[in-house]
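So this one's work-v1.cif, mmCIF, C-alpha atoms:
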```
data_query
loop_
_atom_site.group_PDB
_atom_site.id
_atom_site.type_symbol
_atom_site.label_atom_id
_atom_site.label_comp_id
_atom_site.auth_asym_id
_atom_site.auth_seq_id
_atom_site.Cartn_x
_atom_site.Cartn_y
_atom_site.Cartn_z
ATOM 1 C CA MET A 1 8.438 -0.472 2.270
ATOM 2 C CA SER A 2 6.176 -0.756 -0.713
ATOM 3 C CA PHE A 3 3.809 -3.290 0.917
ATOM 4 C CA ARG A 4 2.425 -0.547 3.164
ATOM 5 C CA ARG A 5 0.436 1.078 0.369
ATOM 6 C CA PRO A 6 -1.689 -2.005 -0.460
ATOM 7 C CA LEU A 7 -2.210 -2.651 3.258
ATOM 8 C CA ALA A 8 -3.249 0.968 3.779
ATOM 9 C CA ILE A 9 -5.703 0.709 0.881
ATOM 10 C CA ALA A 10 -7.106 -2.522 2.329
ATOM 11 C CA ALA A 11 -7.447 -0.908 5.753
ATOM 12 C CA LEU A 12 -9.275 2.099 4.299
ATOM 13 C CA ALA A 13 -11.595 -0.179 2.351
ATOM 14 C CA SER A 14 -12.278 -2.123 5.535
ATOM 15 C CA LEU A 15 -13.112 1.076 7.385
ATOM 16 C CA TRP A 16 -15.441 2.162 4.587
ATOM 17 C CA LEU A 17 -17.220 -1.177 4.690
ATOM 18 C CA ALA A 18 -17.321 -1.030 8.474
ATOM 19 C CA GLY A 19 -18.984 2.390 8.312
ATOM 20 C CA ALA A 20 -21.772 0.895 6.234
ATOM 21 C CA SER A 21 -22.441 -1.701 8.915
ATOM 22 C CA LEU A 22 -21.843 0.109 12.201
ATOM 23 C CA ALA A 23 -24.851 -1.552 13.758
ATOM 24 C CA GLU A 24 -23.233 -4.975 13.425
ATOM 25 C CA PRO A 25 -21.455 -6.160 16.566
ATOM 26 C CA PHE A 26 -17.844 -7.179 16.153
ATOM 27 C CA ARG A 27 -15.657 -9.585 18.062
ATOM 28 C CA GLU A 28 -12.008 -10.612 18.231
ATOM 29 C CA PRO A 29 -11.157 -14.178 17.190
ATOM 30 C CA ALA A 30 -9.151 -16.035 19.822
ATOM 31 C CA ARG A 31 -5.443 -16.640 19.341
ATOM 32 C CA GLY A 32 -4.884 -19.994 17.705
ATOM 33 C CA SER A 33 -8.445 -20.210 16.386
ATOM 34 C CA VAL A 34 -9.173 -21.526 12.914
ATOM 35 C CA GLU A 35 -10.966 -18.292 12.014
ATOM 36 C CA ARG A 36 -8.008 -16.089 13.000
ATOM 37 C CA ALA A 37 -5.590 -18.289 11.050
ATOM 38 C CA ALA A 38 -7.844 -18.210 7.968
ATOM 39 C CA ILE A 39 -8.035 -14.398 8.025
ATOM 40 C CA LEU A 40 -4.258 -14.038 8.340
ATOM 41 C CA ASP A 41 -3.689 -16.691 5.668
ATOM 42 C CA ALA A 42 -5.922 -14.684 3.315
ATOM 43 C CA ILE A 43 -3.511 -11.715 3.345
ATOM 44 C CA ARG A 44 -0.302 -13.752 3.677
ATOM 45 C CA PRO A 45 0.351 -14.330 -0.092
ATOM 46 C CA VAL A 46 0.172 -10.612 -0.882
ATOM 47 C CA VAL A 47 2.516 -9.662 1.946
ATOM 48 C CA GLU A 48 4.927 -12.509 1.195
ATOM 49 C CA ALA A 49 5.089 -11.412 -2.443
ATOM 50 C CA GLU A 50 5.916 -7.850 -1.395
ATOM 51 C CA MET A 51 8.484 -8.933 1.197
ATOM 52 C CA ARG A 52 9.865 -11.682 -1.049
ATOM 53 C CA GLY A 53 9.775 -14.421 1.527
ATOM 54 C CA PRO A 54 7.804 -16.023 4.334
ATOM 55 C CA VAL A 55 6.259 -13.838 7.021
ATOM 56 C CA GLU A 56 4.483 -14.209 10.324
ATOM 57 C CA PHE A 57 2.241 -11.515 11.719
ATOM 58 C CA VAL A 58 2.270 -9.666 15.011
ATOM 59 C CA VAL A 59 -1.399 -8.818 15.520
ATOM 60 C CA THR A 60 -2.171 -5.595 17.339
ATOM 61 C CA THR A 61 -5.908 -5.492 16.572
ATOM 62 C CA MET A 62 -8.310 -7.880 14.872
ATOM 63 C CA ARG A 63 -12.044 -7.312 14.705
ATOM 64 C CA VAL A 64 -14.502 -9.391 12.709
ATOM 65 C CA ALA A 65 -18.206 -9.270 11.962
ATOM 66 C CA PRO A 66 -20.303 -11.355 9.587
ATOM 67 C CA ASN A 67 -19.363 -9.332 6.476
ATOM 68 C CA TRP A 68 -16.029 -7.697 7.265
ATOM 69 C CA ALA A 69 -12.742 -7.958 9.100
ATOM 70 C CA PHE A 70 -10.364 -5.255 10.259
ATOM 71 C CA MET A 71 -6.858 -5.913 11.471
ATOM 72 C CA GLN A 72 -3.724 -4.050 12.367
ATOM 73 C CA VAL A 73 -0.728 -6.309 11.890
ATOM 74 C CA GLU A 74 3.015 -6.031 11.505
ATOM 75 C CA PRO A 75 4.679 -8.576 9.217
ATOM 76 C CA LYS A 76 7.935 -10.064 10.506
ATOM 77 C CA ARG A 77 10.350 -12.641 9.229
ATOM 78 C CA PRO A 78 9.768 -15.972 10.976
ATOM 79 C CA SER A 79 12.297 -16.984 13.608
ATOM 80 C CA CYS A 80 14.451 -20.009 12.903
ATOM 81 C CA ALA A 81 12.476 -22.085 15.407
ATOM 82 C CA THR A 82 9.149 -21.423 13.664
ATOM 83 C CA LYS A 83 10.388 -21.454 10.088
ATOM 84 C CA ARG A 84 7.925 -23.134 7.736
ATOM 85 C CA ILE A 85 9.246 -25.724 5.318
#
```
Kindly transcribe the structure held in the file into structure tokens.
Amino acid sequence: MSFRRPLAIAALASLWLAGASLAEPFREPARGSVERAAILDAIRPVVEAEMRGPVEFVVTTMRVAPNWAFMQVEPKRPSCATKRI
């Protein structure tokens, strides 16, 4: 799909920024936390535009530090039970 290219570019940019701050400790936001939701909501509009509809993310990896975030996610169509109105 065509949304992979922008996500790949964003991931590479994140890695580049992470390389500049390797000394910074990172952590993984807890599931259901406000911080995790805010990070996913930041990329949601771009992915929804590419996929032409609502998405939810399956998060494989999420790491955050004060000045950067890295995540590996797979966008999926929401199930009927969790469909947003």
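Note on the selection: in this file the PyMOL selection byres ((chain A and resi 40) around 10) comes out as Glu35, Arg36, Ala37, Ala38, Ile39, Asp41, Ala42, Ile43, Arg44, Pro45, Glu56, Phe57, Val59, Met62, Met71 and Val73 of chain A.
Among the candidate residues A:Gly32, A:Pro75, A:Pro6, A:Pro25, the one lying nearest to Thr60 of chain A is A:Pro75, with distances computed using only C-alpha atoms.
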query: What is the atom CA of Ala30 of chain A-atom CA of Pro78 of chain A distance in Å, reported with one decimal?
result: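 For atom CA of Ala30 of chain A relative to atom CA of Pro78 of chain A, the distance reads 20.9 Å.
The space between atom CA of Gln72 of chain A and atom CA of Val58 of chain A spans 8.6 Å.
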- prompt: With only C-alpha atoms as the atoms that count, which of A:Val64, A:Lys76, A:Ala69, A:Pro29 lies nearest to Glu48 of chain A?
  reply: A:Lys76
message: Given only C-alpha atoms as the basis, pick out the residue of A:Phe26, A:Glu50, A:Ser33, A:Thr61 nearest to Glu74 of chain A.
response: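 The answer is A:Thr61, which sits nearest to Glu74 of chain A.
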- request: Measure the distance from atom CA of Ala65 of chain A to atom CA of Met51 of chain A in Å and round it to one decimal.
  value: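 That distance, rounded to one decimal, is 28.8 Å.
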